[in-house]
$ cat start-v1.cif   # mmCIF, N, CA and C atoms
data_final
#
loop_
_atom_site.label_atom_id
_atom_site.label_comp_id
_atom_site.auth_asym_id
_atom_site.auth_seq_id
_atom_site.Cartn_x
_atom_site.Cartn_y
_atom_site.Cartn_z
N MET A 1 60.37 95.61 119.40
CA MET A 1 61.44 95.21 118.50
C MET A 1 61.63 96.24 117.39
N GLY A 2 60.54 96.96 117.08
CA GLY A 2 60.64 97.92 115.99
C GLY A 2 59.68 99.07 116.16
N SER A 3 59.78 100.00 115.25
CA SER A 3 58.84 101.11 115.22
C SER A 3 58.15 101.09 113.86
N ILE A 4 56.93 101.62 113.84
CA ILE A 4 56.14 101.59 112.61
C ILE A 4 55.77 103.01 112.22
N ASP A 5 55.96 103.32 110.95
CA ASP A 5 55.63 104.63 110.41
C ASP A 5 54.75 104.45 109.18
N ALA A 6 53.84 105.40 108.99
CA ALA A 6 53.02 105.41 107.77
C ALA A 6 53.86 106.01 106.65
N ALA A 7 53.65 105.48 105.44
CA ALA A 7 54.38 105.98 104.27
C ALA A 7 53.51 105.79 103.03
N ARG A 8 54.03 106.21 101.91
CA ARG A 8 53.31 106.03 100.64
C ARG A 8 54.24 105.35 99.65
N ASP A 9 53.76 104.27 99.07
CA ASP A 9 54.50 103.57 98.03
C ASP A 9 54.35 104.42 96.76
N VAL A 10 55.43 105.07 96.34
CA VAL A 10 55.34 106.00 95.21
C VAL A 10 55.19 105.28 93.88
N VAL A 11 55.59 104.02 93.80
CA VAL A 11 55.47 103.27 92.55
C VAL A 11 54.01 102.86 92.32
N ILE A 12 53.39 102.28 93.34
CA ILE A 12 52.02 101.78 93.21
C ILE A 12 51.00 102.84 93.62
N GLY A 13 51.41 103.74 94.49
CA GLY A 13 50.53 104.81 94.91
C GLY A 13 49.61 104.45 96.06
N ARG A 14 50.01 103.51 96.91
CA ARG A 14 49.18 103.13 98.05
C ARG A 14 49.87 103.50 99.34
N LYS A 15 49.04 103.67 100.38
CA LYS A 15 49.58 103.92 101.71
C LYS A 15 50.07 102.59 102.27
N VAL A 16 51.21 102.62 102.95
CA VAL A 16 51.80 101.42 103.55
C VAL A 16 52.31 101.75 104.95
N ALA A 17 52.61 100.72 105.69
CA ALA A 17 53.28 100.85 106.98
C ALA A 17 54.70 100.32 106.81
N ILE A 18 55.65 101.00 107.38
CA ILE A 18 57.04 100.55 107.34
C ILE A 18 57.48 100.28 108.76
N LYS A 19 57.80 99.02 109.02
CA LYS A 19 58.31 98.63 110.34
C LYS A 19 59.82 98.56 110.25
N SER A 20 60.49 99.33 111.10
CA SER A 20 61.96 99.37 111.12
C SER A 20 62.46 98.76 112.41
N LEU A 21 63.56 98.05 112.31
CA LEU A 21 64.20 97.49 113.49
C LEU A 21 64.77 98.65 114.32
N ARG A 22 64.53 98.63 115.62
CA ARG A 22 65.02 99.70 116.48
C ARG A 22 66.54 99.84 116.34
N PRO A 23 67.05 101.08 116.33
CA PRO A 23 68.49 101.30 116.12
C PRO A 23 69.38 100.52 117.08
N GLU A 24 68.97 100.41 118.34
CA GLU A 24 69.82 99.70 119.31
C GLU A 24 69.89 98.20 119.07
N LEU A 25 69.02 97.68 118.20
CA LEU A 25 69.02 96.24 117.90
C LEU A 25 69.67 95.90 116.56
N ARG A 26 70.06 96.90 115.80
CA ARG A 26 70.58 96.65 114.45
C ARG A 26 71.90 95.90 114.43
N ASP A 27 72.67 95.99 115.50
CA ASP A 27 73.94 95.26 115.57
C ASP A 27 73.79 93.94 116.31
N ASN A 28 72.58 93.61 116.73
CA ASN A 28 72.30 92.37 117.44
C ASN A 28 71.89 91.31 116.42
N ASP A 29 72.76 90.35 116.17
CA ASP A 29 72.50 89.34 115.13
C ASP A 29 71.22 88.55 115.38
N LEU A 30 70.95 88.19 116.63
CA LEU A 30 69.75 87.44 116.96
C LEU A 30 68.49 88.26 116.67
N ALA A 31 68.48 89.51 117.08
CA ALA A 31 67.34 90.39 116.83
C ALA A 31 67.13 90.59 115.34
N LEU A 32 68.20 90.75 114.59
CA LEU A 32 68.10 90.93 113.14
C LEU A 32 67.53 89.68 112.48
N GLN A 33 67.99 88.50 112.89
CA GLN A 33 67.47 87.25 112.34
C GLN A 33 65.98 87.07 112.66
N GLN A 34 65.58 87.43 113.89
CA GLN A 34 64.17 87.33 114.28
C GLN A 34 63.32 88.29 113.46
N PHE A 35 63.82 89.47 113.21
CA PHE A 35 63.11 90.47 112.42
C PHE A 35 62.90 89.96 110.99
N ILE A 36 63.95 89.41 110.40
CA ILE A 36 63.87 88.87 109.04
C ILE A 36 62.93 87.68 109.00
N GLU A 37 63.01 86.81 110.00
CA GLU A 37 62.13 85.63 110.07
C GLU A 37 60.68 86.05 110.22
N GLU A 38 60.42 87.09 111.01
CA GLU A 38 59.05 87.61 111.15
C GLU A 38 58.50 88.00 109.78
N ALA A 39 59.29 88.69 108.99
CA ALA A 39 58.85 89.11 107.66
C ALA A 39 58.61 87.91 106.75
N ARG A 40 59.50 86.95 106.79
CA ARG A 40 59.37 85.77 105.91
C ARG A 40 58.13 84.93 106.27
N VAL A 41 57.96 84.68 107.55
CA VAL A 41 56.82 83.85 107.98
C VAL A 41 55.50 84.58 107.73
N THR A 42 55.44 85.84 108.16
CA THR A 42 54.22 86.61 107.97
C THR A 42 53.91 86.79 106.49
N GLY A 43 54.94 86.95 105.69
CA GLY A 43 54.75 87.12 104.25
C GLY A 43 54.17 85.90 103.56
N GLN A 44 54.26 84.74 104.19
CA GLN A 44 53.71 83.51 103.60
C GLN A 44 52.28 83.25 104.03
N LEU A 45 51.80 84.00 105.02
CA LEU A 45 50.45 83.77 105.53
C LEU A 45 49.42 84.57 104.75
N GLU A 46 48.27 83.97 104.56
CA GLU A 46 47.14 84.67 103.98
C GLU A 46 45.95 84.41 104.87
N HIS A 47 45.61 85.41 105.69
CA HIS A 47 44.52 85.29 106.64
C HIS A 47 43.97 86.67 106.90
N PRO A 48 42.65 86.81 107.04
CA PRO A 48 42.08 88.15 107.26
C PRO A 48 42.56 88.84 108.53
N ASN A 49 43.09 88.09 109.50
CA ASN A 49 43.56 88.68 110.74
C ASN A 49 45.08 88.87 110.78
N VAL A 50 45.73 88.69 109.65
CA VAL A 50 47.18 88.88 109.56
C VAL A 50 47.45 89.96 108.53
N VAL A 51 48.22 90.97 108.92
CA VAL A 51 48.54 92.07 108.02
C VAL A 51 49.49 91.55 106.93
N PRO A 52 49.15 91.76 105.65
CA PRO A 52 50.02 91.29 104.57
C PRO A 52 51.36 92.04 104.53
N VAL A 53 52.41 91.30 104.26
CA VAL A 53 53.75 91.87 104.08
C VAL A 53 53.98 92.04 102.59
N TYR A 54 54.41 93.23 102.19
CA TYR A 54 54.66 93.51 100.77
C TYR A 54 56.13 93.40 100.40
N ASP A 55 57.03 93.72 101.36
CA ASP A 55 58.44 93.76 101.01
C ASP A 55 59.29 93.70 102.27
N LEU A 56 60.53 93.30 102.10
CA LEU A 56 61.53 93.29 103.16
C LEU A 56 62.79 93.90 102.56
N GLY A 57 63.39 94.83 103.25
CA GLY A 57 64.57 95.47 102.69
C GLY A 57 65.56 95.90 103.75
N ASP A 58 66.67 96.43 103.28
CA ASP A 58 67.74 96.90 104.16
C ASP A 58 68.37 98.11 103.48
N GLU A 59 67.92 99.28 103.87
CA GLU A 59 68.42 100.53 103.29
C GLU A 59 69.47 101.11 104.22
N THR A 60 70.69 101.22 103.74
CA THR A 60 71.82 101.74 104.53
C THR A 60 71.88 101.10 105.91
N SER A 61 71.81 99.78 105.95
CA SER A 61 71.88 98.99 107.19
C SER A 61 70.74 99.28 108.15
N GLU A 62 69.60 99.69 107.62
CA GLU A 62 68.40 99.89 108.41
C GLU A 62 67.32 98.93 107.90
N PRO A 63 67.24 97.72 108.49
CA PRO A 63 66.26 96.74 108.02
C PRO A 63 64.84 97.25 108.20
N PHE A 64 63.97 96.91 107.23
CA PHE A 64 62.58 97.34 107.31
C PHE A 64 61.66 96.31 106.65
N ILE A 65 60.42 96.33 107.08
CA ILE A 65 59.36 95.50 106.51
C ILE A 65 58.28 96.45 106.02
N VAL A 66 57.84 96.27 104.78
CA VAL A 66 56.74 97.08 104.23
C VAL A 66 55.49 96.22 104.27
N MET A 67 54.42 96.76 104.86
CA MET A 67 53.17 96.00 105.00
C MET A 67 51.97 96.90 104.81
N ARG A 68 50.81 96.29 104.77
CA ARG A 68 49.58 97.06 104.64
C ARG A 68 49.43 97.99 105.83
N LEU A 69 48.99 99.21 105.55
CA LEU A 69 48.73 100.18 106.62
C LEU A 69 47.32 99.92 107.15
N VAL A 70 47.22 99.66 108.43
CA VAL A 70 45.94 99.42 109.09
C VAL A 70 45.69 100.59 110.03
N GLN A 71 44.58 101.27 109.85
CA GLN A 71 44.23 102.41 110.69
C GLN A 71 43.59 101.91 111.98
N GLY A 72 43.79 102.64 113.05
CA GLY A 72 43.16 102.29 114.32
C GLY A 72 44.13 102.47 115.47
N LYS A 73 43.71 102.00 116.61
CA LYS A 73 44.54 102.10 117.82
C LYS A 73 45.61 101.02 117.82
N SER A 74 46.71 101.33 118.47
CA SER A 74 47.77 100.33 118.61
C SER A 74 47.37 99.32 119.69
N LEU A 75 48.04 98.20 119.70
CA LEU A 75 47.78 97.20 120.73
C LEU A 75 48.04 97.79 122.11
N LYS A 76 49.08 98.59 122.23
CA LYS A 76 49.41 99.23 123.50
C LYS A 76 48.25 100.12 123.97
N GLU A 77 47.65 100.87 123.05
CA GLU A 77 46.52 101.73 123.40
C GLU A 77 45.30 100.91 123.81
N LEU A 78 45.04 99.83 123.10
CA LEU A 78 43.90 98.98 123.44
C LEU A 78 44.06 98.31 124.80
N LEU A 79 45.26 97.85 125.10
CA LEU A 79 45.51 97.20 126.38
C LEU A 79 45.41 98.19 127.54
N ALA A 80 45.76 99.44 127.28
CA ALA A 80 45.69 100.46 128.32
C ALA A 80 44.25 100.76 128.73
N LEU A 81 43.29 100.39 127.89
CA LEU A 81 41.88 100.61 128.20
C LEU A 81 41.34 99.61 129.22
N GLY A 82 42.12 98.60 129.55
CA GLY A 82 41.71 97.62 130.55
C GLY A 82 41.21 96.33 129.92
N PRO A 83 40.69 95.42 130.76
CA PRO A 83 40.22 94.11 130.28
C PRO A 83 39.13 94.26 129.22
N LYS A 84 39.13 93.33 128.31
CA LYS A 84 38.15 93.33 127.22
C LYS A 84 37.07 92.29 127.50
N PRO A 85 35.85 92.54 127.05
CA PRO A 85 34.80 91.53 127.23
C PRO A 85 35.13 90.28 126.41
N THR A 86 34.74 89.15 126.92
CA THR A 86 35.06 87.89 126.23
C THR A 86 33.93 87.40 125.35
N ASP A 87 32.85 88.15 125.23
CA ASP A 87 31.73 87.69 124.43
C ASP A 87 32.02 87.66 122.93
N ASN A 88 33.08 88.36 122.49
CA ASN A 88 33.42 88.33 121.07
C ASN A 88 34.73 87.60 120.80
N VAL A 89 35.16 86.77 121.74
CA VAL A 89 36.38 86.00 121.58
C VAL A 89 36.04 84.64 120.99
N GLN A 90 36.84 84.24 120.03
CA GLN A 90 36.64 82.95 119.39
C GLN A 90 37.93 82.15 119.45
N ALA A 91 37.84 80.90 119.76
CA ALA A 91 39.03 80.04 119.82
C ALA A 91 39.59 79.85 118.41
N ALA A 92 40.89 79.84 118.31
CA ALA A 92 41.55 79.63 117.02
C ALA A 92 41.54 78.15 116.70
N ASP A 93 41.33 77.84 115.44
CA ASP A 93 41.44 76.47 114.94
C ASP A 93 42.88 76.22 114.53
N LEU A 94 43.63 75.55 115.38
CA LEU A 94 45.04 75.30 115.08
C LEU A 94 45.25 73.91 114.56
#
$ encode --input "start-v1.cif" --output "structure tokens"
Amino acid sequence: MGSIDAARDVVIGRKVAIKSLRPELRDNDLALQQFIEEARVTGQLEHPNVVPVYDLGDETSEPFIVMRLVQGKSLKELLALGPKPTDNVQAADL
């Protein structure tokens, strides 16, 4: 749905991640609403396994979400490594 780039918040001076809606989806009202809803819902969560959202914006019709920058492999890279052991999996308390 989007691409993520590392950036620096020049006001606060911290490294951040900026998730932008893919250009081909910017004119898609449903995709735009889902992107905004993702930011709103995630921004209300406080959990160690959820990346905090710092801001939501729209610069020159390019919607973006600013969030904490987390270093490491992407989910795509981790999945490409094959099945994961289940000995460290814990059921979520819903």
$ residues_around --input "start-v1.cif" --residues "stretch 5-16 of chain A" --least-positions-apart "3" --cutoff "7 Å" --atoms "all atoms listed in the file" --output "ChimeraX atom specification"
/A:19-20,66-70
$ closest_residue --input "start-v1.cif" --among "A:Pro23, A:His47, A:Val53, A:Met1" --to "A:Phe35" --atoms "only N, CA and C atoms"
A:Met1
$ select_by_dssp --input "start-v1.cif" --residues "chain A" --states "strand (DSSP E)" --output "VMD selection string"
chain A and resid 2 to 9 14 to 21 53 to 59 62 to 68
$ atom_distance --input "start-v1.cif" --atom1 "atom CA of A:Lys73" --atom2 "atom C of A:Thr86"
19.6 Å
$ closest_residue --input "start-v1.cif" --among "A:Ser61, A:Pro52, A:Gln71, A:Leu78" --to "A:Leu25" --atoms "only C-alpha atoms"
A:Ser61
$ atom_distance --input "start-v1.cif" --atom1 "atom CA of A:Asp55" --atom2 "atom CA of A:Ala39"
8.1 Å
$ select_by_dssp --input "start-v1.cif" --residues "chain A" --states "helix (DSSP H, G or I)" --output "JSON, numbers by chain"
{"A": [23, 24, 25, 29, 30, 31, 32, 33, 34, 35, 36, 37, 38, 39, 40, 41, 42, 43, 44, 75, 76, 77, 78, 79, 80]}
$ resolve_selection --input "start-v1.cif" --expression "the PyMOL selection byres (((chain A and resi 43 and name CA) around 10) and name CA)" --output "ChimeraX atom specification"
/A:37-42,44-46,50-56,65,67
$ write_last_selection --input "start-v1.cif" --atoms "N, CA and C atoms" --output "PDB file, keeping the file's coordinate frame"
ATOM      1  N   GLU A  37      63.010  86.810 110.000  1.00  0.00           N
ATOM      2  CA  GLU A  37      62.130  85.630 110.070  1.00  0.00           C
ATOM      3  C   GLU A  37      60.680  86.050 110.220  1.00  0.00           C
ATOM      4  N   GLU A  38      60.420  87.090 111.010  1.00  0.00           N
ATOM      5  CA  GLU A  38      59.050  87.610 111.150  1.00  0.00           C
ATOM      6  C   GLU A  38      58.500  88.000 109.780  1.00  0.00           C
ATOM      7  N   ALA A  39      59.290  88.690 108.990  1.00  0.00           N
ATOM      8  CA  ALA A  39      58.850  89.110 107.660  1.00  0.00           C
ATOM      9  C   ALA A  39      58.610  87.910 106.750  1.00  0.00           C
ATOM     10  N   ARG A  40      59.500  86.950 106.790  1.00  0.00           N
ATOM     11  CA  ARG A  40      59.370  85.770 105.910  1.00  0.00           C
ATOM     12  C   ARG A  40      58.130  84.930 106.270  1.00  0.00           C
ATOM     13  N   VAL A  41      57.960  84.680 107.550  1.00  0.00           N
ATOM     14  CA  VAL A  41      56.820  83.850 107.980  1.00  0.00           C
ATOM     15  C   VAL A  41      55.500  84.580 107.730  1.00  0.00           C
ATOM     16  N   THR A  42      55.440  85.840 108.160  1.00  0.00           N
ATOM     17  CA  THR A  42      54.220  86.610 107.970  1.00  0.00           C
ATOM     18  C   THR A  42      53.910  86.790 106.490  1.00  0.00           C
ATOM     19  N   GLN A  44      54.260  84.740 104.190  1.00  0.00           N
ATOM     20  CA  GLN A  44      53.710  83.510 103.600  1.00  0.00           C
ATOM     21  C   GLN A  44      52.280  83.250 104.030  1.00  0.00           C
ATOM     22  N   LEU A  45      51.800  84.000 105.020  1.00  0.00           N
ATOM     23  CA  LEU A  45      50.450  83.770 105.530  1.00  0.00           C
ATOM     24  C   LEU A  45      49.420  84.570 104.750  1.00  0.00           C
ATOM     25  N   GLU A  46      48.270  83.970 104.560  1.00  0.00           N
ATOM     26  CA  GLU A  46      47.140  84.670 103.980  1.00  0.00           C
ATOM     27  C   GLU A  46      45.950  84.410 104.870  1.00  0.00           C
ATOM     28  N   VAL A  50      45.730  88.690 109.650  1.00  0.00           N
ATOM     29  CA  VAL A  50      47.180  88.880 109.560  1.00  0.00           C
ATOM     30  C   VAL A  50      47.450  89.960 108.530  1.00  0.00           C
ATOM     31  N   VAL A  51      48.220  90.970 108.920  1.00  0.00           N
ATOM     32  CA  VAL A  51      48.540  92.070 108.020  1.00  0.00           C
ATOM     33  C   VAL A  51      49.490  91.550 106.930  1.00  0.00           C
ATOM     34  N   PRO A  52      49.150  91.760 105.650  1.00  0.00           N
ATOM     35  CA  PRO A  52      50.020  91.290 104.570  1.00  0.00           C
ATOM     36  C   PRO A  52      51.360  92.040 104.530  1.00  0.00           C
ATOM     37  N   VAL A  53      52.410  91.300 104.260  1.00  0.00           N
ATOM     38  CA  VAL A  53      53.750  91.870 104.080  1.00  0.00           C
ATOM     39  C   VAL A  53      53.980  92.040 102.590  1.00  0.00           C
ATOM     40  N   TYR A  54      54.410  93.230 102.190  1.00  0.00           N
ATOM     41  CA  TYR A  54      54.660  93.510 100.770  1.00  0.00           C
ATOM     42  C   TYR A  54      56.130  93.400 100.400  1.00  0.00           C
ATOM     43  N   ASP A  55      57.030  93.720 101.360  1.00  0.00           N
ATOM     44  CA  ASP A  55      58.440  93.760 101.010  1.00  0.00           C
ATOM     45  C   ASP A  55      59.290  93.700 102.270  1.00  0.00           C
ATOM     46  N   LEU A  56      60.530  93.300 102.100  1.00  0.00           N
ATOM     47  CA  LEU A  56      61.530  93.290 103.160  1.00  0.00           C
ATOM     48  C   LEU A  56      62.790  93.900 102.560  1.00  0.00           C
ATOM     49  N   ILE A  65      60.420  96.330 107.080  1.00  0.00           N
ATOM     50  CA  ILE A  65      59.360  95.500 106.510  1.00  0.00           C
ATOM     51  C   ILE A  65      58.280  96.450 106.020  1.00  0.00           C
ATOM     52  N   MET A  67      54.420  96.760 104.860  1.00  0.00           N
ATOM     53  CA  MET A  67      53.170  96.000 105.000  1.00  0.00           C
ATOM     54  C   MET A  67      51.970  96.900 104.810  1.00  0.00           C
TER      55      MET A  67
END
$ closest_residue --input "start-v1.cif" --among "A:Leu79, A:Ile36, A:Ala17, A:Leu30" --to "A:Pro63" --atoms "only C-alpha atoms"
A:Ile36
